[in-house]
>>> print(open('final12.csv').read())   # CSV, C-alpha atoms and all ligand atoms
chain,number,residue,atom,x,y,z
I,1,MET,CA,4.0,-23.5,-5.9
I,2,GLY,CA,4.2,-21.3,-2.8
I,3,ILE,CA,1.8,-21.2,0.1
I,4,ASP,CA,-1.8,-22.1,-0.6
I,5,PRO,CA,-4.0,-19.2,0.6
I,6,ALA,CA,-6.9,-21.6,1.2
I,7,GLY,CA,-7.9,-21.6,4.8
I,8,GLN,CA,-5.6,-18.8,5.7
I,9,VAL,CA,-6.9,-15.8,7.7
I,10,VAL,CA,-5.8,-12.7,5.8
I,11,VAL,CA,-6.3,-9.2,7.2
I,12,ILE,CA,-6.3,-6.6,4.4
I,13,THR,CA,-6.4,-2.9,5.3
I,14,GLY,CA,-7.7,-0.3,2.8
I,15,SER,CA,-10.0,-3.0,1.3
I,16,SER,CA,-13.0,-0.7,0.8
I,17,SER,CA,-11.7,0.3,-2.7
I,18,GLY,CA,-8.8,0.1,-5.2
I,19,ILE,CA,-5.9,-2.4,-4.7
I,20,GLY,CA,-7.1,-3.7,-1.3
I,21,ALA,CA,-10.5,-4.6,-2.6
I,22,ALA,CA,-9.1,-6.3,-5.7
I,23,ALA,CA,-6.6,-8.2,-3.6
I,24,ALA,CA,-9.4,-9.4,-1.3
I,25,ARG,CA,-11.4,-10.7,-4.2
I,26,ARG,CA,-8.4,-12.6,-5.6
I,27,LEU,CA,-7.4,-14.1,-2.2
I,28,ALA,CA,-10.9,-15.0,-1.3
I,29,ALA,CA,-11.3,-16.7,-4.7
I,30,ARG,CA,-8.4,-18.9,-3.7
I,31,GLY,CA,-10.1,-20.0,-0.5
I,32,ALA,CA,-8.7,-17.4,2.0
I,33,THR,CA,-10.8,-16.0,4.8
I,34,VAL,CA,-10.5,-12.3,4.2
I,35,CYS,CA,-11.0,-9.7,7.0
I,36,LEU,CA,-11.6,-6.3,5.4
I,37,LEU,CA,-10.5,-3.2,7.3
I,38,ALA,CA,-11.2,0.4,6.3
I,39,ARG,CA,-13.4,3.3,7.5
I,40,ARG,CA,-16.2,3.3,4.9
I,41,GLU,CA,-18.7,0.7,6.2
I,42,ALA,CA,-21.0,0.7,3.1
I,43,GLU,CA,-18.1,0.2,0.7
I,44,LEU,CA,-16.6,-2.6,2.9
I,45,GLU,CA,-20.0,-4.3,3.0
I,46,ALA,CA,-20.3,-4.1,-0.8
I,47,VAL,CA,-16.8,-5.6,-1.3
I,48,ALA,CA,-17.7,-8.4,1.2
I,49,ALA,CA,-21.1,-9.0,-0.4
I,50,ALA,CA,-19.5,-9.3,-3.9
I,51,ILE,CA,-16.9,-11.8,-2.5
I,52,ARG,CA,-19.6,-13.9,-0.8
I,53,ALA,CA,-21.7,-13.9,-3.9
I,54,GLU,CA,-18.8,-15.7,-5.6
I,55,GLY,CA,-18.6,-18.2,-2.8
I,56,GLY,CA,-15.8,-16.5,-0.9
I,57,ASP,CA,-15.5,-15.9,2.9
I,58,ALA,CA,-15.2,-12.2,3.6
I,59,HIS,CA,-15.8,-10.2,6.9
I,60,PRO,CA,-15.9,-6.4,7.1
I,61,TYR,CA,-14.4,-4.7,10.1
I,62,PRO,CA,-15.1,-0.9,9.7
I,63,VAL,CA,-12.3,1.0,11.6
I,64,ASP,CA,-10.4,4.2,11.5
I,65,LEU,CA,-6.8,2.8,11.7
I,66,THR,CA,-5.4,6.1,13.0
I,67,ASP,CA,-7.5,5.6,16.2
I,68,GLU,CA,-5.7,3.3,18.6
I,69,ALA,CA,-8.7,2.1,20.7
I,70,SER,CA,-10.8,1.3,17.6
I,71,THR,CA,-7.9,-0.5,15.9
I,72,ARG,CA,-7.3,-2.6,19.1
I,73,ALA,CA,-11.0,-3.4,19.3
I,74,ALA,CA,-11.1,-4.4,15.6
I,75,VAL,CA,-8.1,-6.8,16.0
I,76,GLU,CA,-9.7,-8.3,19.1
I,77,ARG,CA,-12.9,-9.0,17.1
I,78,VAL,CA,-10.8,-10.5,14.2
I,79,LEU,CA,-9.0,-12.8,16.7
I,80,ALA,CA,-12.3,-13.7,18.5
I,81,ASP,CA,-14.0,-14.5,15.2
I,82,HIS,CA,-11.1,-16.4,13.4
I,83,GLY,CA,-8.7,-17.4,16.2
I,84,ARG,CA,-5.5,-16.1,14.5
I,85,VAL,CA,-4.1,-13.9,11.8
I,86,ASP,CA,-1.9,-15.7,9.2
I,87,VAL,CA,-1.3,-12.8,6.8
I,88,LEU,CA,-1.5,-9.0,7.2
I,89,VAL,CA,-1.7,-7.0,4.0
I,90,SER,CA,-0.9,-3.4,5.2
I,91,ASN,CA,-2.4,-1.4,2.3
I,92,ALA,CA,-4.4,1.5,3.8
I,93,ALA,CA,-2.8,4.8,3.0
I,94,ARG,CA,-3.3,8.4,1.9
I,95,SER,CA,-1.2,10.4,-0.5
I,96,ILE,CA,-0.5,14.1,-0.8
I,97,ARG,CA,1.0,15.7,-3.9
I,98,ARG,CA,2.4,19.1,-3.0
I,99,PRO,CA,5.6,21.0,-3.8
I,100,ILE,CA,7.9,21.4,-0.8
I,101,VAL,CA,7.9,25.2,-1.3
I,102,ASP,CA,4.1,25.2,-0.9
I,103,SER,CA,4.4,23.1,2.3
I,104,LEU,CA,6.6,25.2,4.4
I,105,ASP,CA,3.8,26.0,6.9
I,106,ARG,CA,2.1,22.6,6.4
I,107,LEU,CA,3.9,20.2,8.7
I,108,HIS,CA,0.5,18.7,9.3
I,109,ASP,CA,0.7,17.2,5.8
I,110,HIS,CA,3.5,15.0,7.2
I,111,GLU,CA,1.7,14.3,10.4
I,112,ARG,CA,-1.5,13.3,8.7
I,113,VAL,CA,0.2,11.0,6.2
I,114,MET,CA,2.5,9.5,8.8
I,115,ALA,CA,-0.6,8.8,11.0
I,116,ILE,CA,-2.1,6.4,8.6
I,117,ASN,CA,0.8,5.3,6.3
I,118,TYR,CA,3.3,4.7,9.1
I,119,PHE,CA,2.1,4.8,12.7
I,120,ALA,CA,-1.2,3.0,12.0
I,121,ALA,CA,0.6,0.3,10.0
I,122,VAL,CA,3.1,-0.3,12.7
I,123,ARG,CA,0.4,-0.3,15.4
I,124,LEU,CA,-1.5,-2.9,13.5
I,125,ILE,CA,1.5,-5.1,12.9
I,126,HIS,CA,2.3,-4.9,16.7
I,127,LEU,CA,-1.3,-5.9,17.5
I,128,VAL,CA,-1.3,-9.0,15.2
I,129,LEU,CA,2.3,-10.1,15.9
I,130,PRO,CA,1.5,-12.0,19.1
I,131,SER,CA,-0.9,-14.2,17.2
I,132,MET,CA,1.6,-14.8,14.5
I,133,LEU,CA,4.4,-15.6,17.0
I,134,ALA,CA,2.1,-18.0,18.9
I,135,THR,CA,1.5,-20.0,15.7
I,136,GLY,CA,5.1,-19.8,14.6
I,137,ARG,CA,4.3,-18.3,11.3
I,138,GLY,CA,3.1,-15.0,9.9
I,139,HIS,CA,3.5,-12.9,6.7
I,140,VAL,CA,3.3,-9.1,6.5
I,141,VAL,CA,2.8,-7.5,3.1
I,142,ILE,CA,3.1,-3.8,2.6
I,143,SER,CA,1.8,-1.8,-0.3
I,144,SER,CA,4.6,0.6,-1.2
I,145,THR,CA,5.5,2.4,-4.4
I,146,LEU,CA,8.0,2.5,-7.2
I,147,SER,CA,8.5,6.1,-6.2
I,148,THR,CA,10.6,5.1,-3.2
I,149,GLN,CA,13.1,3.6,-5.7
I,150,VAL,CA,13.6,6.7,-7.8
I,151,PRO,CA,14.0,10.4,-7.0
I,152,ILE,CA,10.4,11.5,-7.6
I,153,PRO,CA,9.4,15.1,-6.8
I,154,LEU,CA,6.2,16.5,-5.3
I,155,PHE,CA,5.4,13.7,-2.9
I,156,SER,CA,7.8,14.3,0.0
I,157,ALA,CA,5.4,13.5,2.8
I,158,TYR,CA,3.9,10.4,1.2
I,159,LEU,CA,7.3,9.0,0.1
I,160,ALA,CA,8.9,9.6,3.5
I,161,SER,CA,6.1,7.7,5.1
I,162,LYS,CA,6.4,4.8,2.7
I,163,SER,CA,10.2,4.6,3.0
I,164,ALA,CA,9.8,4.6,6.8
I,165,LEU,CA,7.5,1.6,6.6
I,166,GLU,CA,9.8,-0.2,4.2
I,167,SER,CA,12.6,0.3,6.7
I,168,TYR,CA,10.4,-1.0,9.6
I,169,VAL,CA,9.5,-4.2,7.8
I,170,ARG,CA,13.1,-4.8,6.9
I,171,SER,CA,13.9,-4.8,10.6
I,172,LEU,CA,10.9,-7.0,11.2
I,173,SER,CA,12.2,-9.7,8.9
I,174,ALA,CA,15.8,-9.4,10.2
I,175,GLU,CA,14.6,-9.7,13.9
I,176,LEU,CA,11.8,-12.2,13.6
I,177,GLY,CA,12.6,-14.2,10.5
I,178,HIS,CA,13.9,-17.1,12.6
I,179,ARG,CA,10.6,-17.2,14.5
I,180,GLY,CA,8.6,-17.6,11.2
I,181,ILE,CA,7.8,-14.0,10.5
I,182,THR,CA,8.3,-13.0,6.8
I,183,THR,CA,7.6,-9.8,4.9
I,184,SER,CA,7.0,-8.6,1.3
I,185,THR,CA,7.3,-5.1,0.1
I,186,VAL,CA,5.3,-4.4,-3.0
I,187,HIS,CA,6.6,-1.5,-5.1
I,188,PHE,CA,3.6,-0.6,-7.3
I,189,PRO,CA,3.8,1.6,-10.3
I,190,MET,CA,0.9,4.0,-10.8
I,191,VAL,CA,-2.4,2.2,-10.5
I,192,ARG,CA,-5.8,3.5,-11.6
I,193,THR,CA,-7.6,4.0,-8.2
I,194,GLU,CA,-9.3,6.7,-6.2
I,195,MET,CA,-5.9,7.6,-4.9
I,196,SER,CA,-4.2,8.3,-8.2
I,197,GLY,CA,-7.5,9.8,-9.5
I,198,GLY,CA,-7.0,12.6,-7.0
I,199,THR,CA,-4.5,14.2,-9.4
I,200,GLU,CA,-6.2,15.5,-12.4
I,201,ILE,CA,-3.2,15.4,-14.8
I,202,TYR,CA,-2.7,11.7,-14.1
I,203,ARG,CA,-5.9,11.0,-16.2
I,204,ALA,CA,-3.6,11.3,-19.2
I,205,MET,CA,-1.1,8.6,-17.8
I,206,SER,CA,-1.5,5.0,-18.7
I,207,MET,CA,-1.6,2.9,-15.5
I,208,MET,CA,-1.9,-0.6,-14.1
I,209,SER,CA,-5.4,-1.8,-13.3
I,210,PRO,CA,-6.5,-2.4,-9.7
I,211,ASP,CA,-7.0,-6.1,-10.6
I,212,GLU,CA,-3.4,-6.5,-11.9
I,213,ALA,CA,-2.2,-4.7,-8.7
I,214,GLY,CA,-4.4,-7.2,-6.7
I,215,ARG,CA,-2.5,-10.0,-8.5
I,216,TRP,CA,0.8,-8.6,-7.2
I,217,ILE,CA,-0.5,-8.7,-3.7
I,218,GLU,CA,-1.8,-12.3,-4.3
I,219,ARG,CA,1.7,-13.2,-5.5
I,220,ALA,CA,3.2,-11.6,-2.3
I,221,VAL,CA,0.9,-13.8,-0.2
I,222,VAL,CA,1.5,-17.0,-2.1
I,223,SER,CA,5.2,-16.8,-3.0
I,224,ARG,CA,6.4,-14.5,-0.1
I,225,PRO,CA,9.3,-12.8,-1.9
I,226,SER,CA,10.9,-10.1,0.2
I,227,ARG,CA,9.8,-7.6,-2.5
I,228,ILE,CA,7.9,-7.4,-5.7
I,229,THR,CA,9.0,-4.7,-8.1
I,230,SER,CA,9.3,-3.8,-11.7
I,231,ALA,CA,12.4,-3.6,-14.1
I,232,PHE,CA,12.1,0.2,-13.9
I,233,GLY,CA,12.1,0.1,-10.1
I,234,VAL,CA,15.2,-2.2,-10.1
I,235,ALA,CA,17.0,0.1,-12.6
I,236,GLY,CA,16.1,3.2,-10.5
I,237,GLU,CA,17.3,1.6,-7.2
I,238,THR,CA,20.5,0.3,-8.8
I,239,SER,CA,21.4,3.7,-10.4
I,240,MET,CA,20.5,5.5,-7.1
I,241,ALA,CA,22.8,3.2,-5.2
I,242,LEU,CA,25.6,3.8,-7.6
I,243,LEU,CA,25.3,7.5,-8.6
I,244,PRO,CA,22.6,9.2,-6.5
I,245,GLY,CA,23.6,12.8,-7.2
I,246,ILE,CA,23.9,12.4,-11.0
I,247,VAL,CA,20.7,10.4,-11.3
I,248,THR,CA,18.7,12.9,-9.2
I,249,ARG,CA,20.1,15.9,-11.2
I,250,ALA,CA,19.6,14.1,-14.5
I,251,THR,CA,16.0,12.9,-13.9
I,252,ALA,CA,14.6,16.1,-12.4
I,253,PRO,CA,14.1,17.9,-15.7
I,254,PHE,CA,12.5,14.7,-17.1
I,255,PHE,CA,9.9,14.7,-14.4
I,256,ARG,CA,9.2,18.4,-14.8
I,257,ARG,CA,8.7,17.8,-18.5
I,258,MET,CA,6.5,14.8,-17.9
I,259,ASP,CA,4.2,16.8,-15.7
I,260,ARG,CA,3.9,19.6,-18.3
I,261,ASN,CA,3.1,17.0,-21.0
I,262,LEU,CA,0.5,15.2,-18.8
I,263,ALA,CA,-1.1,18.6,-18.0
I,264,ARG,CA,-1.3,19.5,-21.7
I,265,ARG,CA,-2.8,16.1,-22.7
I,266,ALA,CA,-5.3,16.0,-19.8
I,267,ALA,CA,-6.5,19.5,-20.8
I,268,ALA,CA,-6.8,18.3,-24.4
I,269,GLY,CA,-9.0,15.4,-23.3
I,270,ASP,CA,-6.3,12.7,-24.1
I,271,VAL,CA,-7.2,10.6,-21.1
I,272,HIS,CA,-7.1,6.9,-20.1
I,273,GLU,CA,-10.1,5.8,-17.9
I,301,LIG,N1,-2.8,4.1,-6.9
I,301,LIG,C1,-1.5,4.1,-7.1
I,301,LIG,O1,-1.1,4.6,-8.1
I,301,LIG,C2,-0.5,3.5,-6.1
I,301,LIG,C3,0.8,3.5,-6.5
I,301,LIG,C4,1.7,2.9,-5.5
I,301,LIG,C5,1.3,2.5,-4.3
I,301,LIG,N2,0.0,2.6,-3.9
I,301,LIG,C6,-0.4,2.2,-2.6
I,301,LIG,O2,-1.4,1.2,-2.7
I,301,LIG,C7,-2.2,1.2,-1.5
I,301,LIG,C8,-3.7,1.2,-1.9
I,301,LIG,O3,-4.0,2.4,-2.5
I,301,LIG,P1,-5.1,2.5,-3.7
I,301,LIG,O4,-4.4,3.1,-4.9
I,301,LIG,O5,-5.9,1.3,-3.8
I,301,LIG,O6,-6.0,3.7,-3.2
I,301,LIG,P2,-7.5,3.8,-2.5
I,301,LIG,O7,-8.5,3.2,-3.4
I,301,LIG,O8,-7.7,5.3,-2.2
I,301,LIG,O9,-7.3,3.0,-1.2
I,301,LIG,C9,-6.8,3.5,0.0
I,301,LIG,C10,-7.5,2.7,1.1
I,301,LIG,O10,-7.0,3.1,2.4
I,301,LIG,C11,-8.1,3.2,3.3
I,301,LIG,N3,-7.8,4.2,4.3
I,301,LIG,C12,-7.4,5.4,4.2
I,301,LIG,N4,-7.3,6.0,5.4
I,301,LIG,C13,-7.7,5.1,6.3
I,301,LIG,C14,-7.9,5.1,7.8
I,301,LIG,N5,-7.6,6.2,8.5
I,301,LIG,N6,-8.3,4.0,8.4
I,301,LIG,C15,-8.6,2.9,7.6
I,301,LIG,N7,-8.5,2.8,6.3
I,301,LIG,C16,-8.1,3.9,5.6
I,301,LIG,C17,-9.3,3.7,2.4
I,301,LIG,O11,-10.5,3.3,2.9
I,301,LIG,P3,-11.6,4.3,3.7
I,301,LIG,O12,-11.5,5.6,3.0
I,301,LIG,O13,-12.8,3.5,3.6
I,301,LIG,O14,-11.1,4.3,5.1
I,301,LIG,C18,-9.0,2.9,1.1
I,301,LIG,O15,-9.6,1.6,1.2
I,301,LIG,C19,-1.8,2.4,-0.7
I,301,LIG,O16,-0.9,2.0,0.3
I,301,LIG,C20,-1.0,3.2,-1.8
I,301,LIG,O17,-0.1,4.1,-1.2
I,301,LIG,C21,-0.9,3.1,-4.8
>>> encode(input="final12.csv", output="structure tokens")
Amino acid sequence: MGIDPAGQVVVITGSSSGIGAAAARRLAARGATVCLLARREAELEAVAAAIRAEGGDAHPYPVDLTDEASTRAAVERVLADHGRVDVLVSNAARSIRRPIVDSLDRLHDHERVMAINYFAAVRLIHLVLPSMLATGRGHVVISSTLSTQVPIPLFSAYLASKSALESYVRSLSAELGHRGITTSTVHFPMVRTEMSGGTEIYRAMSMMSPDEAGRWIERAVVSRPSRITSAFGVAGETSMALLPGIVTRATAPFFRRMDRNLARRAAAGDVHE
């Protein structure tokens, strides 16, 4: 059931690696035309070539999404090539893991993360919306995280940017749902990609595979729920809605202990690849 991706024009940002590349492969295998946006041209070409080798329809559009003129030009090329955008998967992002006390003179952490995770995402949505409104239908999927549902330490800049985008797409659904615009927020748990690989101690953590994460995006495109999440995410959100102070105080020592355990296991070579 749901909406058949076959024949749909799907723009996927951050598709040169990780979850975006896996989602592109899955959607192309179901007949979607996938437009791949990210900066690394060679990686985008490789993802597109692998999809084409399996009979899929993939088109790389190398672009730095923090650059307004380049993003505008990329969207113009997508529209010229394919005539419309049916689905936008806003997945490109960067993450920073840094304690707040080590960030007091690093406001640029927030500026850099917001530039790609929030402003670039909103800019792209604004650029594709006219095409979606003209056809009377459009779906926007955002890659977010379980960590906006629970009080996770050490990722303040990253989580603020993700929460901002979640709030934006809630407004988008509320304002333009009656004109055919729908949104899905995907709350991923940890996924084994270049992004999570940037933190050494996370090698000791068991994680979702990029392919399984790609399946969550595929589900968002086909079934179009307003969100996809996990039982842990729902429990976190519910307990934070009811008892935010108690839950934050009670979980903080758990997360500190978890980091110490992961560091010990990673140092001992107890790692998941
Ligand atoms: N991995 C996890 O544990 C996890 C958990 C929860 C949520 N997520 C979310 O899932 C999404 C995908 O992340 P991932 O884990 O698959 O990591 P990833 O492999 O590092 O993917 C990030 C993607 O963003 C692109 N990107 C970054 N800056 C860009 C820019 N300025 N312009 C264009 N593209 C840019 C990168 O491509 P280029 O470098 O080629 O530009 C890359 O394709 C992100 O939104 C992330 O926040 C990940």
>>> atom_distance(input="final12.csv", atom1="CA of Gly7 (chain I)", atom2="CA of Ala32 (chain I)")
5.1 Å
>>> residues_near_ligand(input="final12.csv", ligand="ligand LIG 301 (chain I)", cutoff="6 Å", atoms="all atoms listed in the file", output="NGL selection string")
:I and (14-20 or 38-40 or 63-66 or 91-94 or 116 or 143-145 or 188-196)
>>> residues_around(input="final12.csv", residues="Arg112 (chain I)", least_positions_apart="2", cutoff="12 Å", atoms="only C-alpha atoms", output="VMD selection string")
chain I and resid 66 93 to 96 106 to 110 114 to 120 157 to 158 161
>>> closest_atom_pairs(input="final12.csv", of="region 11-102 of chain I", to="region 128-133 of chain I", cutoff="12 Å", atoms="all atoms listed in the file", output="JSON lines")
{"residue": "I:Val11", "atom": "CA", "partner": "I:Val128", "partner_atom": "CA", "distance": 9.4}
{"residue": "I:Thr71", "atom": "CA", "partner": "I:Val128", "partner_atom": "CA", "distance": 10.8}
{"residue": "I:Arg72", "atom": "CA", "partner": "I:Val128", "partner_atom": "CA", "distance": 9.6}
{"residue": "I:Ala73", "atom": "CA", "partner": "I:Val128", "partner_atom": "CA", "distance": 11.9}
{"residue": "I:Ala74", "atom": "CA", "partner": "I:Val128", "partner_atom": "CA", "distance": 10.8}
{"residue": "I:Val75", "atom": "CA", "partner": "I:Val128", "partner_atom": "CA", "distance": 7.2}
{"residue": "I:Glu76", "atom": "CA", "partner": "I:Val128", "partner_atom": "CA", "distance": 9.3}
{"residue": "I:Arg77", "atom": "CA", "partner": "I:Val128", "partner_atom": "CA", "distance": 11.8}
{"residue": "I:Val78", "atom": "CA", "partner": "I:Val128", "partner_atom": "CA", "distance": 9.7}
{"residue": "I:Leu79", "atom": "CA", "partner": "I:Ser131", "partner_atom": "CA", "distance": 8.2}
{"residue": "I:Ala80", "atom": "CA", "partner": "I:Ser131", "partner_atom": "CA", "distance": 11.5}
{"residue": "I:His82", "atom": "CA", "partner": "I:Ser131", "partner_atom": "CA", "distance": 11.1}
{"residue": "I:Gly83", "atom": "CA", "partner": "I:Ser131", "partner_atom": "CA", "distance": 8.5}
{"residue": "I:Arg84", "atom": "CA", "partner": "I:Ser131", "partner_atom": "CA", "distance": 5.7}
{"residue": "I:Val85", "atom": "CA", "partner": "I:Ser131", "partner_atom": "CA", "distance": 6.3}
{"residue": "I:Asp86", "atom": "CA", "partner": "I:Met132", "partner_atom": "CA", "distance": 6.4}
{"residue": "I:Val87", "atom": "CA", "partner": "I:Met132", "partner_atom": "CA", "distance": 8.5}
{"residue": "I:Leu88", "atom": "CA", "partner": "I:Val128", "partner_atom": "CA", "distance": 8.0}
{"residue": "I:Val89", "atom": "CA", "partner": "I:Val128", "partner_atom": "CA", "distance": 11.4}
{"residue": "I:Ser90", "atom": "CA", "partner": "I:Val128", "partner_atom": "CA", "distance": 11.5}
>>> closest_residue(input="final12.csv", among="I:Ala49, I:Ala174, I:Met258, I:Leu243", to="Pro153 (chain I)", atoms="all atoms listed in the file")
I:Met258
>>> residues_around(input="final12.csv", residues="Gly177 (chain I)", least_positions_apart="2", cutoff="12 Å", atoms="all atoms listed in the file", output="list in words")
Met132, Leu133, Gly136, Arg137, Gly138, His139, Val140, Val169, Arg170, Ser171, Leu172, Ser173, Ala174, Glu175, Arg179, Gly180, Ile181, Thr182, Thr183 and Ser226 of chain I
>>> atom_distance(input="final12.csv", atom1="CA of Ala121 (chain I)", atom2="CA of Tyr202 (chain I)")
26.9 Å
>>> atom_distance(input="final12.csv", atom1="CA of Glu54 (chain I)", atom2="CA of His272 (chain I)")
29.3 Å
>>> closest_residue(input="final12.csv", among="I:Ala266, I:Leu154, I:Leu242, I:Ala231", to="Ala204 (chain I)", atoms="all atoms listed in the file")
I:Ala266
>>> closest_residue(input="final12.csv", among="I:Asp81, I:Glu68, I:Glu111, I:Asp102", to="His126 (chain I)", atoms="all atoms listed in the file")
I:Glu68
>>> residues_around(input="final12.csv", residues="Ala50 (chain I)", least_positions_apart="5", cutoff="12 Å", atoms="all atoms listed in the file", output="count of residues only")
17
>>> closest_residue(input="final12.csv", among="I:Val186, I:Met240, I:Leu127, I:Ala42", to="Gly214 (chain I)", atoms="all atoms listed in the file")
I:Val186
>>> closest_residue(input="final12.csv", among="I:Thr185, I:Thr251, I:Ala164, I:Ala213", to="Ser239 (chain I)", atoms="all atoms listed in the file")
I:Thr251
>>> closest_residue(input="final12.csv", among="I:Pro151, I:Gly233, I:Pro62, I:Gly31", to="Ala252 (chain I)", atoms="all atoms listed in the file")
I:Pro151
>>> residues_around(input="final12.csv", residues="Gly2 (chain I)", least_positions_apart="6", cutoff="8 Å", atoms="only C-alpha atoms", output="PyMOL selection string")
chain I and resi 222-224
>>> decode(input="final12.csv", residues="region 231-245 of chain I", atoms="N, CA, C and O atoms", output="mmCIF file, in the first residue's frame")
data_model
loop_
_atom_site.group_PDB
_atom_site.id
_atom_site.type_symbol
_atom_site.label_atom_id
_atom_site.label_comp_id
_atom_site.auth_asym_id
_atom_site.auth_seq_id
_atom_site.Cartn_x
_atom_site.Cartn_y
_atom_site.Cartn_z
ATOM 1 N N ALA I 231 10.554 2.598 19.468
ATOM 2 C CA ALA I 231 9.881 2.500 20.772
ATOM 3 C C ALA I 231 10.644 3.336 21.803
ATOM 4 O O ALA I 231 10.055 4.035 22.629
ATOM 5 N N PHE I 232 11.977 3.310 21.721
ATOM 6 C CA PHE I 232 12.794 4.085 22.661
ATOM 7 C C PHE I 232 12.532 5.590 22.491
ATOM 8 O O PHE I 232 12.422 6.339 23.471
ATOM 9 N N GLY I 233 12.403 6.006 21.218
ATOM 10 C CA GLY I 233 12.133 7.423 20.950
ATOM 11 C C GLY I 233 10.786 7.855 21.503
ATOM 12 O O GLY I 233 10.661 8.931 22.109
ATOM 13 N N VAL I 234 9.767 7.001 21.321
ATOM 14 C CA VAL I 234 8.427 7.326 21.831
ATOM 15 C C VAL I 234 8.453 7.393 23.356
ATOM 16 O O VAL I 234 7.905 8.319 23.969
ATOM 17 N N ALA I 235 9.146 6.418 23.976
ATOM 18 C CA ALA I 235 9.237 6.412 25.449
ATOM 19 C C ALA I 235 9.949 7.682 25.919
ATOM 20 O O ALA I 235 9.535 8.324 26.893
ATOM 21 N N GLY I 236 11.024 8.053 25.213
ATOM 22 C CA GLY I 236 11.771 9.262 25.589
ATOM 23 C C GLY I 236 10.916 10.504 25.476
ATOM 24 O O GLY I 236 10.861 11.338 26.387
ATOM 25 N N GLU I 237 10.215 10.617 24.342
ATOM 26 C CA GLU I 237 9.377 11.802 24.097
ATOM 27 C C GLU I 237 8.256 11.897 25.137
ATOM 28 O O GLU I 237 7.970 12.969 25.674
ATOM 29 N N THR I 238 7.625 10.747 25.409
ATOM 30 C CA THR I 238 6.497 10.745 26.344
ATOM 31 C C THR I 238 6.963 11.121 27.745
ATOM 32 O O THR I 238 6.359 11.966 28.417
ATOM 33 N N SER I 239 8.074 10.513 28.170
ATOM 34 C CA SER I 239 8.545 10.812 29.525
ATOM 35 C C SER I 239 9.029 12.261 29.610
ATOM 36 O O SER I 239 8.838 12.918 30.639
ATOM 37 N N MET I 240 9.617 12.782 28.524
ATOM 38 C CA MET I 240 10.044 14.195 28.548
ATOM 39 C C MET I 240 8.841 15.137 28.572
ATOM 40 O O MET I 240 8.906 16.227 29.151
ATOM 41 N N ALA I 241 7.737 14.736 27.919
ATOM 42 C CA ALA I 241 6.530 15.578 27.935
ATOM 43 C C ALA I 241 5.932 15.624 29.337
ATOM 44 O O ALA I 241 5.427 16.654 29.782
ATOM 45 N N LEU I 242 6.016 14.471 30.038
ATOM 46 C CA LEU I 242 5.367 14.387 31.355
ATOM 47 C C LEU I 242 6.255 14.908 32.485
ATOM 48 O O LEU I 242 5.800 15.642 33.360
ATOM 49 N N LEU I 243 7.536 14.511 32.465
ATOM 50 C CA LEU I 243 8.417 14.793 33.616
ATOM 51 C C LEU I 243 9.805 15.242 33.130
ATOM 52 O O LEU I 243 10.814 14.567 33.396
ATOM 53 N N PRO I 244 9.906 16.352 32.429
ATOM 54 C CA PRO I 244 11.190 16.699 31.799
ATOM 55 C C PRO I 244 12.349 16.856 32.784
ATOM 56 O O PRO I 244 13.459 16.387 32.519
ATOM 57 N N GLY I 245 12.086 17.491 33.919
ATOM 58 C CA GLY I 245 13.172 17.727 34.878
ATOM 59 C C GLY I 245 13.696 16.427 35.455
ATOM 60 O O GLY I 245 14.909 16.172 35.480
#
